[in-house]
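Student: Got a structure here, written out as structure tokens. Questions coming.
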Amino acid sequence: MKQVIHNQALSQNADIRFLGKLLGDVIREYGGEELFKRIEYIRQTSVDRHRGIEGANDADRGLERLTLDDTLAFVRGFMLFSMLANLAEDREGLTSEHEDDLAAVMQRLTAKGISAEQAAEVLDNALIVPVLTAHPTEVMRKSMLDHRNRIAYLMKQRDLGRTESPEGDAIEPAIVRQIALLWQTRVLRRERLYVADEVEIALAYLRDVFLPVLPQLYARWERVLGYRTKSFLRPGSWIGGDRDGNPNVTADSLMLALKRASQTVLTDYLDQLHALGGELSISSELADVTEAVIKLAGHSGDANPARQDEPYRRAVTGIYARLAATYERIVGQAPPRHASVKAEPYANTEELRSDLVAIAHSLAQTGSLATGGALGRLIRAVETFGFHLATLDLRQNADVHERVVAELLKTAGVAEDYRSLTEDQRVALLRRELATPRLLSSPFAEYSDETNSELSIVRAAAKAHGLYGPACITTYIISKCESVSDLLEVKILLKEAGLYRGHPHSQTSIMVVPLFETIGDLENSAKVMSAWMSLPEIKSINEARGKQEVMVGYSDSNKDGGYLTSVWSLYQATQTLAKVFKEFGTTMQIFHGRGGAVGRGGGSSFAAIRAQPQGTVQGHIRITEQGEVIAAKYGTHDSAINNLEAMTSATLYASLNIPGATVANHAPFVTAMETLSQTAFKSYRGLVYETEGFKTFFRQMTPLREIAELKIGSRPASRTKSDRIEDLRAIPWVFSWAQARLMLPGWYGVGHALHSFADKGLLREMVQAWPFFKTTLDNMEMVLAKSDMDIAAHYAALVEDRSLADRIFNRIRDDWRMTQDSLLAATGQSRLLENNPALDKSIRLRLPYIEPLNLLQVELLKRYRAGENNPQVRDGLQLSINAIATALRNSG
């Protein structure tokens with residue numbers, strides 16, 4: 001790959017040229033000249049075809065001459081180039097796009113008459129939470145990502161004009177070393193990930209990125225706003241608490257996740273305190289010290305005569321000792337660095353914060369030591385992360401709760417057949433049970449494994465509240481929530497662990513949150529929440545808490561009704577819910593269950609938040625961050641800062657009543673969207689659920705089965721053993737179509753809707769004037785640009801019934817063309833991404849590298865499915881899945 005970019009029109013990114021050259025050198029050095037020439041020939045002929053060079057289409061692709069050994073090396077080479085290209089583009093984006101940070105947004109807001117005080121008030125009452133999940137879409141091993149992040153660090157040193165790293169390594173040879181390590185690192189996992197592995201992977205991001213970055217960001221925002229806001233941006237996690245369809249998540253894994261998170265954050269605090277003790281060398285002979293600090297120093301137990309005139313150091317010694325004792329109480333072992341004195345542990349984070357603030361107030365007397373610095377960052381960290389690091393959500397399916405509660409009621413002699421009751425009867429029964437202090441479970445009764453498991457979860461949550469504080473678990477999410485009884489059933493389980501009390505006054509320390517996933521669930525969500533918030537005991541709880549969360553699912557609604565109907569149903573549901581919440585005087589907090597791919601709600605977070613219906617954000621938003629998105633957004637400090645700034649800025653912008661922000665022609669737009677959605681829904685459902693043989697077509701055309709064999713997550717690909725599309729998880733559904741370059745979940749049905757809509761002028765007006773519609777089409781346009789019907793045709797040839805394959809594939813291809821033509825007409829473009837040159841450049845750069853990978857994958861699929869048992873065939877196939885996912889960037 002010596003000339004990896006050569007004379008391509010996309011060669012302006014110097015980082016890609018530089019890193020591509022180094023990769024070529026590594027391949028030549030470690031793979032040999034012959035391998036290098038073969039890979040370079042395949043690359044160059046593919047590039048020539050995509051550049052339209054005369055005769056390139058007739059040239060030998062060079063793939064047929066690859067041995068299996070060569071195939072594995074070739075796929076690794078193209079995958080590593082894609083990884084390095086992703087890194088280079090991320091760096092380019094960080095240096096060229098600053099419109100989304102808070103400072104830039106405040107300038108725009110000021111121009112619209114919004115003051116810094118108004119913005120600070122919104123943020124002071126806000127809650128913004130990126131929630132890390134273990135959804136299996138990250139194909140890269142952590143070892144690969146670590147080498148990539150080291151290259152990013154070295155490239156930053158190179159940007160600064162340094163020839164030598166702070167560690168003393170020459171920059172360019174150090175980068176070559178990391179690329180060589182990548183080349184010689186095994187790409188595929190040999191063993192499936194366990195929940196404990198997923199916990200450690202998430203902890204690496206929380207420890208190495210979120211812990212240092214968030215205090216830095218708060219300090220920056222304080223300077224921008226001229227005001228110190230509360231800690232409104234905090235990390236969350238599902239890893240260790242998400243049991244929906246994953247039998248591997250148990251009470252033990254829940255406690256492991258919480259313990260490791262607490263151990264991580266307390267170790268960080270102790271390290272910061274140790275460094276702070278070294279820094280605060282102030283003598284009481286040279287500076288005034290408050291009584292509070294003198295008192296802390298006196299109680300510290302530090303009697304070292306060398307520090308008798310250094311009250312701050314003695315105070316820090318005492319704080320360190322108390323925190324070390326807290327570590328020992330929570331973790332069950334002494335911290336890595338022992339305290340020099342004995343002390344009582346802190347009861348909660350507020351006690352620790354109070355001691356630190358006392359030091360800060362004393363320092364404020366000394367002028368330039370008044371604000372910021374290491375102490376300021378530590379105080380902010382304690383306010384943000386507590387003793388738990390990241391708030392952990394619980395999640396389970398409503399069907400499980402129904403079975404468990406039915407068994408509890410039957411065993412307790414309360415209801416023989418709860419599941420046969422009507423909804424009204426269920427609600428009445430559950431409310432009666434919640435109002436009494438009597439528990440349903442008994443230590444003398446025998447229960448099913450499922451019931452014992454669910455009871456152990458809520459009991460573990462109660463224990464965790466005592467150890468780490470109530471902020472460690474605040475939310476219990478109910479998948480497949482369809483009714484008020486689904487919500488009350490979880491209250492019953494919480495009550496069994498003392499986490500809900502209905503007598504004499506209703507109170508709870510964990511919020512029950514419905515997840516509305518399908519199109520029908522979204523349409524019914526306002527009715528369910530209205531009935532829920534009408535219950536007197538829930539009114540009382542919401543008044544005390546001040547808010548109620550609702551989660552909306554992008555993935556399953558897309559699989560259920562197609563892209564356009566999904567995004568429109570989500571838009572309408574949140575808008576209608578906002579009206580219901582306003583009637584009840586309760587703040588609405590929407591939790592957006594988004595994935596990386598457009599078919600699962602992916603796309604720009606900034607654009608997505610800005611495009612939310614007016615009045616639905618209200619300063620409160622939580623968003624899932626899944627799989628490959630975590631590494632892309634939070635792999636380095638710079639990328640994390642960029643993305644967290646964008647999330648904060650967009651939330652602020654969407655929460656303010658900005659003059660002129662309301663869409664002027666909204667009513668006709670809504671009517672048009674209703675028509676478009678109905679047409680798209682009918683078209684999508686007609687193909688996916690009503691076409692005979694479609695299930696067979698999908699399973700044979702795409703590498704669905706082979707993706708399920710990748711060891712990239714702890715949970716199964718399907719919730720049940722059924723082969724129905726309805727029972728397939730959304731991730732493998734989207735992942736499979738992406739590999740085959742059809743990307744069907746991200747566009748199918750929209751072409752029919754746009755094409756058949758009579759008023760084309762109104763569509764063009766909607767693109768120009770309505771952020772929601774523009775964002776919807778922008779995301780779909782990216783999907784269309786990454787799809788390739790010619791390549792998809794090779795996958796369609798894998799379908800055994802040729803008549804079935806031709807009938808369905810021709811239908812899909814015709815709709816793709818209709819979708820592209822209709823989108824171009826609505827956006828006024830002559831080709832895809834004409835109005836987005838940066839994204840156009842990014843995708844065009846990748847296409848010559850993805851095509852050979854797809855063609856190789858098809859051949860390997862043929863051999864693998866024919867029963868060829870050579871391990872290299874299996875490894876080559878799995879490597880190709882990794883490589884294509886890396887090149888496409890958003891795999892699932």
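A note on labels: chains of the structure tokens are A, B, ... as shown, every chain counts residues from 1, and ligands are counted from 1 in their shown order.
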Apply DSSP to the backbone of this structure and, from range 206-408 of chain A, keep only the residues in strand (DSSP E or B); write these as a PDB file with N, CA and C atoms, in the first residue's frame.

Tutor:
```pdb
ATOM      1  N   LEU A 233     -24.161  16.682  33.405  1.00  0.00           N
ATOM      2  CA  LEU A 233     -23.743  15.653  32.453  1.00  0.00           C
ATOM      3  C   LEU A 233     -23.010  14.557  33.204  1.00  0.00           C
ATOM      4  N   GLY A 236     -23.751   6.958  32.228  1.00  0.00           N
ATOM      5  CA  GLY A 236     -24.594   5.862  32.680  1.00  0.00           C
ATOM      6  C   GLY A 236     -24.139   4.567  32.025  1.00  0.00           C
ATOM      7  N   SER A 237     -24.696   3.451  32.461  1.00  0.00           N
ATOM      8  CA  SER A 237     -24.315   2.157  31.901  1.00  0.00           C
ATOM      9  C   SER A 237     -25.464   1.171  32.024  1.00  0.00           C
ATOM     10  N   ASP A 242     -28.492  -5.099  32.334  1.00  0.00           N
ATOM     11  CA  ASP A 242     -29.438  -5.336  31.234  1.00  0.00           C
ATOM     12  C   ASP A 242     -29.654  -6.832  31.061  1.00  0.00           C
ATOM     13  N   THR A 391     -24.066   5.643  36.766  1.00  0.00           N
ATOM     14  CA  THR A 391     -25.350   5.088  37.195  1.00  0.00           C
ATOM     15  C   THR A 391     -25.692   3.875  36.344  1.00  0.00           C
ATOM     16  N   LEU A 392     -26.017   2.772  36.996  1.00  0.00           N
ATOM     17  CA  LEU A 392     -26.305   1.512  36.303  1.00  0.00           C
ATOM     18  C   LEU A 392     -27.813   1.292  36.249  1.00  0.00           C
ATOM     19  N   LEU A 394     -31.232  -1.004  35.481  1.00  0.00           N
ATOM     20  CA  LEU A 394     -31.744  -2.364  35.401  1.00  0.00           C
ATOM     21  C   LEU A 394     -32.702  -2.429  34.214  1.00  0.00           C
ATOM     22  N   ARG A 395     -32.711  -3.568  33.492  1.00  0.00           N
ATOM     23  CA  ARG A 395     -33.671  -3.732  32.401  1.00  0.00           C
ATOM     24  C   ARG A 395     -34.077  -5.200  32.296  1.00  0.00           C
ATOM     25  N   GLN A 396     -35.377  -5.413  32.095  1.00  0.00           N
ATOM     26  CA  GLN A 396     -35.898  -6.746  31.871  1.00  0.00           C
ATOM     27  C   GLN A 396     -37.183  -6.644  31.033  1.00  0.00           C
ATOM     28  N   ASN A 397     -37.537  -7.764  30.415  1.00  0.00           N
ATOM     29  CA  ASN A 397     -38.711  -7.819  29.559  1.00  0.00           C
ATOM     30  C   ASN A 397     -39.985  -7.954  30.378  1.00  0.00           C
TER      31      ASN A 397
END
```

Student: Got a sec: who's within 12 Å of Arg353 in chain A, counting only C-alpha atoms, leaving out chain neighbours fewer than 6 positions off, as a PDB file with all heavy atoms, in the first residue's frame?

Tutor:
```pdb
ATOM      1  N   TYR A 269      -9.835   8.854  42.907  1.00  0.00           N
ATOM      2  CA  TYR A 269      -9.887   9.911  43.927  1.00  0.00           C
ATOM      3  C   TYR A 269      -8.666   9.846  44.851  1.00  0.00           C
ATOM      4  O   TYR A 269      -8.073  10.889  45.192  1.00  0.00           O
ATOM      5  CB  TYR A 269     -11.152   9.770  44.788  1.00  0.00           C
ATOM      6  CG  TYR A 269     -12.464  10.006  44.086  1.00  0.00           C
ATOM      7  CD1 TYR A 269     -13.666   9.627  44.691  1.00  0.00           C
ATOM      8  CD2 TYR A 269     -12.532  10.596  42.833  1.00  0.00           C
ATOM      9  CE1 TYR A 269     -14.881   9.839  44.088  1.00  0.00           C
ATOM     10  CE2 TYR A 269     -13.746  10.801  42.201  1.00  0.00           C
ATOM     11  CZ  TYR A 269     -14.922  10.413  42.836  1.00  0.00           C
ATOM     12  OH  TYR A 269     -16.137  10.612  42.227  1.00  0.00           O
ATOM     13  N   ILE A 319      -8.327  13.314  55.031  1.00  0.00           N
ATOM     14  CA  ILE A 319      -9.338  12.997  54.003  1.00  0.00           C
ATOM     15  C   ILE A 319      -8.946  11.716  53.281  1.00  0.00           C
ATOM     16  O   ILE A 319      -9.796  10.845  53.014  1.00  0.00           O
ATOM     17  CB  ILE A 319      -9.470  14.170  53.009  1.00  0.00           C
ATOM     18  CG1 ILE A 319     -10.032  15.404  53.722  1.00  0.00           C
ATOM     19  CG2 ILE A 319     -10.367  13.782  51.833  1.00  0.00           C
ATOM     20  CD1 ILE A 319     -10.002  16.675  52.875  1.00  0.00           C
ATOM     21  N   LEU A 323     -11.098   8.256  53.088  1.00  0.00           N
ATOM     22  CA  LEU A 323     -11.488   7.695  51.794  1.00  0.00           C
ATOM     23  C   LEU A 323     -10.900   6.288  51.614  1.00  0.00           C
ATOM     24  O   LEU A 323     -11.548   5.406  51.038  1.00  0.00           O
ATOM     25  CB  LEU A 323     -11.023   8.611  50.655  1.00  0.00           C
ATOM     26  CG  LEU A 323     -11.603   8.288  49.274  1.00  0.00           C
ATOM     27  CD1 LEU A 323     -13.129   8.378  49.290  1.00  0.00           C
ATOM     28  CD2 LEU A 323     -11.044   9.232  48.214  1.00  0.00           C
ATOM     29  N   TYR A 346     -16.140   7.461  55.089  1.00  0.00           N
ATOM     30  CA  TYR A 346     -17.207   8.409  54.781  1.00  0.00           C
ATOM     31  C   TYR A 346     -18.518   7.661  54.642  1.00  0.00           C
ATOM     32  O   TYR A 346     -18.573   6.579  54.054  1.00  0.00           O
ATOM     33  CB  TYR A 346     -16.908   9.161  53.487  1.00  0.00           C
ATOM     34  CG  TYR A 346     -15.857  10.230  53.612  1.00  0.00           C
ATOM     35  CD1 TYR A 346     -14.601  10.074  53.014  1.00  0.00           C
ATOM     36  CD2 TYR A 346     -16.110  11.402  54.313  1.00  0.00           C
ATOM     37  CE1 TYR A 346     -13.628  11.062  53.120  1.00  0.00           C
ATOM     38  CE2 TYR A 346     -15.147  12.390  54.436  1.00  0.00           C
ATOM     39  CZ  TYR A 346     -13.910  12.224  53.835  1.00  0.00           C
ATOM     40  OH  TYR A 346     -12.953  13.196  53.947  1.00  0.00           O
ATOM     41  N   ALA A 347     -19.597   8.263  55.153  1.00  0.00           N
ATOM     42  CA  ALA A 347     -20.919   7.646  55.022  1.00  0.00           C
ATOM     43  C   ALA A 347     -21.476   7.845  53.618  1.00  0.00           C
ATOM     44  O   ALA A 347     -22.218   7.008  53.112  1.00  0.00           O
ATOM     45  CB  ALA A 347     -21.885   8.229  56.056  1.00  0.00           C
ATOM     46  N   ILE A 359     -11.593  23.037  52.158  1.00  0.00           N
ATOM     47  CA  ILE A 359     -10.237  23.396  51.733  1.00  0.00           C
ATOM     48  C   ILE A 359     -10.294  24.458  50.642  1.00  0.00           C
ATOM     49  O   ILE A 359      -9.529  25.434  50.660  1.00  0.00           O
ATOM     50  CB  ILE A 359      -9.489  22.141  51.240  1.00  0.00           C
ATOM     51  CG1 ILE A 359      -9.255  21.177  52.396  1.00  0.00           C
ATOM     52  CG2 ILE A 359      -8.161  22.523  50.588  1.00  0.00           C
ATOM     53  CD1 ILE A 359      -8.575  19.880  51.991  1.00  0.00           C
ATOM     54  N   ALA A 360     -11.225  24.287  49.706  1.00  0.00           N
ATOM     55  CA  ALA A 360     -11.344  25.255  48.610  1.00  0.00           C
ATOM     56  C   ALA A 360     -11.706  26.639  49.131  1.00  0.00           C
ATOM     57  O   ALA A 360     -11.160  27.651  48.673  1.00  0.00           O
ATOM     58  CB  ALA A 360     -12.390  24.775  47.599  1.00  0.00           C
ATOM     59  N   LEU A 375      -7.672  20.695  42.871  1.00  0.00           N
ATOM     60  CA  LEU A 375      -8.741  20.573  43.861  1.00  0.00           C
ATOM     61  C   LEU A 375     -10.104  20.798  43.216  1.00  0.00           C
ATOM     62  O   LEU A 375     -11.061  20.067  43.494  1.00  0.00           O
ATOM     63  CB  LEU A 375      -8.515  21.559  45.007  1.00  0.00           C
ATOM     64  CG  LEU A 375      -9.603  21.588  46.085  1.00  0.00           C
ATOM     65  CD1 LEU A 375      -9.744  20.212  46.741  1.00  0.00           C
ATOM     66  CD2 LEU A 375      -9.291  22.663  47.126  1.00  0.00           C
ATOM     67  N   GLY A 376     -10.193  21.791  42.359  1.00  0.00           N
ATOM     68  CA  GLY A 376     -11.452  22.068  41.664  1.00  0.00           C
ATOM     69  C   GLY A 376     -11.905  20.891  40.819  1.00  0.00           C
ATOM     70  O   GLY A 376     -13.090  20.544  40.787  1.00  0.00           O
ATOM     71  N   ARG A 377     -10.945  20.260  40.138  1.00  0.00           N
ATOM     72  CA  ARG A 377     -11.291  19.097  39.311  1.00  0.00           C
ATOM     73  C   ARG A 377     -11.746  17.918  40.174  1.00  0.00           C
ATOM     74  O   ARG A 377     -12.664  17.185  39.799  1.00  0.00           O
ATOM     75  CB  ARG A 377     -10.098  18.704  38.444  1.00  0.00           C
ATOM     76  CG  ARG A 377      -9.796  19.696  37.324  1.00  0.00           C
ATOM     77  CD  ARG A 377      -8.784  19.142  36.344  1.00  0.00           C
ATOM     78  NE  ARG A 377      -7.466  18.949  36.939  1.00  0.00           N
ATOM     79  CZ  ARG A 377      -6.532  19.894  37.019  1.00  0.00           C
ATOM     80  NH1 ARG A 377      -6.790  21.110  36.548  1.00  0.00           N
ATOM     81  NH2 ARG A 377      -5.354  19.630  37.551  1.00  0.00           N
ATOM     82  N   LEU A 378     -11.115  17.753  41.337  1.00  0.00           N
ATOM     83  CA  LEU A 378     -11.500  16.650  42.212  1.00  0.00           C
ATOM     84  C   LEU A 378     -12.903  16.868  42.782  1.00  0.00           C
ATOM     85  O   LEU A 378     -13.708  15.932  42.847  1.00  0.00           O
ATOM     86  CB  LEU A 378     -10.485  16.495  43.346  1.00  0.00           C
ATOM     87  CG  LEU A 378     -10.772  15.407  44.382  1.00  0.00           C
ATOM     88  CD1 LEU A 378     -10.968  14.047  43.724  1.00  0.00           C
ATOM     89  CD2 LEU A 378      -9.657  15.344  45.417  1.00  0.00           C
ATOM     90  N   ILE A 379     -13.191  18.087  43.188  1.00  0.00           N
ATOM     91  CA  ILE A 379     -14.542  18.376  43.696  1.00  0.00           C
ATOM     92  C   ILE A 379     -15.582  18.099  42.621  1.00  0.00           C
ATOM     93  O   ILE A 379     -16.619  17.482  42.873  1.00  0.00           O
ATOM     94  CB  ILE A 379     -14.630  19.840  44.185  1.00  0.00           C
ATOM     95  CG1 ILE A 379     -13.776  20.037  45.435  1.00  0.00           C
ATOM     96  CG2 ILE A 379     -16.091  20.226  44.467  1.00  0.00           C
ATOM     97  CD1 ILE A 379     -13.646  21.485  45.862  1.00  0.00           C
ATOM     98  N   ARG A 380     -15.293  18.539  41.404  1.00  0.00           N
ATOM     99  CA  ARG A 380     -16.232  18.305  40.301  1.00  0.00           C
ATOM    100  C   ARG A 380     -16.390  16.807  40.041  1.00  0.00           C
ATOM    101  O   ARG A 380     -17.498  16.338  39.772  1.00  0.00           O
ATOM    102  CB  ARG A 380     -15.751  19.021  39.039  1.00  0.00           C
ATOM    103  CG  ARG A 380     -16.629  18.791  37.833  1.00  0.00           C
ATOM    104  CD  ARG A 380     -18.050  19.300  38.050  1.00  0.00           C
ATOM    105  NE  ARG A 380     -18.147  20.725  37.846  1.00  0.00           N
ATOM    106  CZ  ARG A 380     -19.300  21.409  37.882  1.00  0.00           C
ATOM    107  NH1 ARG A 380     -20.438  20.762  38.131  1.00  0.00           N
ATOM    108  NH2 ARG A 380     -19.323  22.712  37.705  1.00  0.00           N
ATOM    109  N   ALA A 381     -15.295  16.065  40.129  1.00  0.00           N
ATOM    110  CA  ALA A 381     -15.378  14.619  39.909  1.00  0.00           C
ATOM    111  C   ALA A 381     -16.264  13.955  40.956  1.00  0.00           C
ATOM    112  O   ALA A 381     -17.110  13.117  40.629  1.00  0.00           O
ATOM    113  CB  ALA A 381     -13.983  14.008  39.930  1.00  0.00           C
ATOM    114  N   VAL A 382     -16.099  14.350  42.227  1.00  0.00           N
ATOM    115  CA  VAL A 382     -16.912  13.765  43.296  1.00  0.00           C
ATOM    116  C   VAL A 382     -18.382  14.085  43.078  1.00  0.00           C
ATOM    117  O   VAL A 382     -19.259  13.227  43.270  1.00  0.00           O
ATOM    118  CB  VAL A 382     -16.429  14.274  44.671  1.00  0.00           C
ATOM    119  CG1 VAL A 382     -17.397  13.859  45.781  1.00  0.00           C
ATOM    120  CG2 VAL A 382     -15.032  13.750  44.962  1.00  0.00           C
ATOM    121  N   GLU A 383     -18.692  15.305  42.659  1.00  0.00           N
ATOM    122  CA  GLU A 383     -20.076  15.692  42.383  1.00  0.00           C
ATOM    123  C   GLU A 383     -20.659  14.912  41.209  1.00  0.00           C
ATOM    124  O   GLU A 383     -21.851  14.616  41.175  1.00  0.00           O
ATOM    125  CB  GLU A 383     -20.149  17.193  42.075  1.00  0.00           C
ATOM    126  CG  GLU A 383     -19.821  18.086  43.247  1.00  0.00           C
ATOM    127  CD  GLU A 383     -19.684  19.547  42.846  1.00  0.00           C
ATOM    128  OE1 GLU A 383     -19.644  19.840  41.623  1.00  0.00           O
ATOM    129  OE2 GLU A 383     -19.604  20.396  43.739  1.00  0.00           O
ATOM    130  N   THR A 384     -19.823  14.585  40.241  1.00  0.00           N
ATOM    131  CA  THR A 384     -20.284  13.959  39.003  1.00  0.00           C
ATOM    132  C   THR A 384     -20.357  12.443  39.105  1.00  0.00           C
ATOM    133  O   THR A 384     -21.322  11.823  38.632  1.00  0.00           O
ATOM    134  CB  THR A 384     -19.344  14.342  37.837  1.00  0.00           C
ATOM    135  OG1 THR A 384     -19.258  15.763  37.750  1.00  0.00           O
ATOM    136  CG2 THR A 384     -19.850  13.775  36.516  1.00  0.00           C
ATOM    137  N   PHE A 385     -19.345  11.834  39.715  1.00  0.00           N
ATOM    138  CA  PHE A 385     -19.221  10.374  39.692  1.00  0.00           C
ATOM    139  C   PHE A 385     -19.576   9.699  41.022  1.00  0.00           C
ATOM    140  O   PHE A 385     -19.763   8.479  41.039  1.00  0.00           O
ATOM    141  CB  PHE A 385     -17.792   9.981  39.309  1.00  0.00           C
ATOM    142  CG  PHE A 385     -17.332  10.553  38.002  1.00  0.00           C
ATOM    143  CD1 PHE A 385     -16.369  11.562  37.961  1.00  0.00           C
ATOM    144  CD2 PHE A 385     -17.849  10.090  36.804  1.00  0.00           C
ATOM    145  CE1 PHE A 385     -15.943  12.094  36.751  1.00  0.00           C
ATOM    146  CE2 PHE A 385     -17.427  10.611  35.593  1.00  0.00           C
ATOM    147  CZ  PHE A 385     -16.460  11.618  35.561  1.00  0.00           C
ATOM    148  N   GLY A 386     -19.636  10.469  42.129  1.00  0.00           N
ATOM    149  CA  GLY A 386     -19.973   9.879  43.413  1.00  0.00           C
ATOM    150  C   GLY A 386     -19.033   8.745  43.795  1.00  0.00           C
ATOM    151  O   GLY A 386     -17.851   8.740  43.453  1.00  0.00           O
ATOM    152  N   PHE A 387     -19.569   7.756  44.502  1.00  0.00           N
ATOM    153  CA  PHE A 387     -18.811   6.552  44.827  1.00  0.00           C
ATOM    154  C   PHE A 387     -19.126   5.419  43.850  1.00  0.00           C
ATOM    155  O   PHE A 387     -18.667   4.290  44.034  1.00  0.00           O
ATOM    156  CB  PHE A 387     -19.140   6.066  46.243  1.00  0.00           C
ATOM    157  CG  PHE A 387     -18.583   6.940  47.339  1.00  0.00           C
ATOM    158  CD1 PHE A 387     -19.104   6.863  48.631  1.00  0.00           C
ATOM    159  CD2 PHE A 387     -17.540   7.825  47.100  1.00  0.00           C
ATOM    160  CE1 PHE A 387     -18.601   7.661  49.651  1.00  0.00           C
ATOM    161  CE2 PHE A 387     -17.032   8.633  48.100  1.00  0.00           C
ATOM    162  CZ  PHE A 387     -17.565   8.555  49.384  1.00  0.00           C
TER     163      PHE A 387
END
```

Student: What separation in Å, quoted to one decimal, exists between CA of Ala152 in chain A and CA of Ala632 in chain A?

Tutor: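 Separation between CA of Ala152 in chain A and CA of Ala632 in chain A: 12.1 Å.
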
Student: I want to know what sits within 10 Å of Ile128 in chain A, based on only C-alpha atoms, with residues of the same chain fewer than 4 positions away left out; could you give that as a PyMOL selection string?

Tutor: chain A and resi 123+231-236+589+591+619-623+644+647-648+651-652

Student: Determine, using only C-alpha atoms, which residues of range 456-500 of chain A have any atom at most 9 Å from an atom of range 252-259 of chain A, and tabulate each with its shortest atom pair and distance in Å to one decimal place, rows ordered by chain and then rising number, as a Markdown table.

Tutor:
```
| residue | atom | partner | partner_atom | distance |
| --- | --- | --- | --- | --- |
| A:Ser456 | CA | A:Asp252 | CA | 8.9 |
| A:Ile457 | CA | A:Leu254 | CA | 7.6 |
| A:Ala460 | CA | A:Met255 | CA | 6.9 |
| A:Ala461 | CA | A:Leu254 | CA | 8.1 |
| A:Ala464 | CA | A:Met255 | CA | 7.4 |
| A:Tyr468 | CA | A:Leu258 | CA | 8.1 |
| A:Cys472 | CA | A:Leu258 | CA | 7.6 |
```

Student: Near range 524-541 of chain A, within 8 Å and counting only C-alpha atoms, which residues show up once chain neighbours fewer than 6 positions away are dropped, as a list in words?

Tutor: Glu482, Ser483, Val484, Gly502, His505, Ser506, Gln507, Thr508, Phe516, Ala573, Thr576, Leu577, Val580, Phe581 and Phe584 of chain A

Student: Using C-alpha atoms, can you export the residues from the last selection as a PDB file, in the first residue's frame?

Tutor:
```
ATOM      1  CA  GLU A 482     -47.618  -2.111  26.837  1.00  0.00           C
ATOM      2  CA  SER A 483     -49.748  -1.304  29.874  1.00  0.00           C
ATOM      3  CA  VAL A 484     -49.991   0.164  33.368  1.00  0.00           C
ATOM      4  CA  GLY A 502     -46.714   2.199  49.628  1.00  0.00           C
ATOM      5  CA  HIS A 505     -47.031   7.207  51.906  1.00  0.00           C
ATOM      6  CA  SER A 506     -45.822   6.059  48.480  1.00  0.00           C
ATOM      7  CA  GLN A 507     -42.071   6.364  48.061  1.00  0.00           C
ATOM      8  CA  THR A 508     -39.465   4.696  45.896  1.00  0.00           C
ATOM      9  CA  PHE A 516     -41.963   1.698  23.963  1.00  0.00           C
ATOM     10  CA  ALA A 573     -44.939   9.884  20.323  1.00  0.00           C
ATOM     11  CA  THR A 576     -47.886  13.715  22.266  1.00  0.00           C
ATOM     12  CA  LEU A 577     -46.204  12.573  25.467  1.00  0.00           C
ATOM     13  CA  VAL A 580     -49.628  14.577  28.561  1.00  0.00           C
ATOM     14  CA  PHE A 581     -46.748  15.425  30.881  1.00  0.00           C
ATOM     15  CA  PHE A 584     -49.841  16.497  34.875  1.00  0.00           C
TER      16      PHE A 584
END
```

Student: Identify, on the basis of only C-alpha atoms, every residue whose closest approach to Tyr205 in chain A does not exceed 9 Å; exclude the query and any residue fewer than 6 positions from it along the same chain; express the result as number ranges by chain.

Tutor: A: 211, 630-631, 634-636

Student: Env of Leu182 in chain A: 12 Å cut, atoms = only C-alpha atoms, seq-sep filter 3 positions within chain, self excluded. Answer as number ranges by chain.

Tutor: A: 23, 26-27, 30, 76-77, 79-81, 83-84, 140-151, 175-179, 185-187

Student: Go ahead and compute the interatomic distance for CA of Ser362 in chain A and CA of Arg313 in chain A, in Å to one decimal.

Tutor: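 If I compute the distance from CA of Ser362 in chain A to CA of Arg313 in chain A, I get 13.0 Å.
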
Student: Near Thr624 in chain A, counting only C-alpha atoms, which residues have an atom at most 10 Å away, once you skip same-chain residues fewer than 3 positions from it, shown as a VMD selection string?

Tutor: chain A and resid 129 to 133 135 236 to 238 591 to 596 627 629 to 630

Student: Could you tell me, as a ChimeraX atom specification, which residues of range 336-399 of chain A DSSP assigns to alpha helix (DSSP H) when given the backbone?

Tutor: /A:349-363,373-385,398-399

Student: Kindly indicate which residue among A:Leu193, A:Val400, A:Met789, A:Leu409 lies nearest to Gly245 in chain A, using only C-alpha atoms for the distances.

Tutor: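 Using only C-alpha atoms, Gly245 in chain A sits closest to A:Val400.
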
Student: With distances taken over only C-alpha atoms, which of A:Ile519, A:Val331, A:Leu352, A:Val404 is nearest to Ser677 in chain A?

Tutor: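 Using only C-alpha atoms, the shortest distance to Ser677 in chain A belongs to A:Ile519.
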
Student: Could you tell me how far CA of His637 in chain A lies from CA of Gln216 in chain A, in Å and to one decimal?

Tutor: 10.3 Å
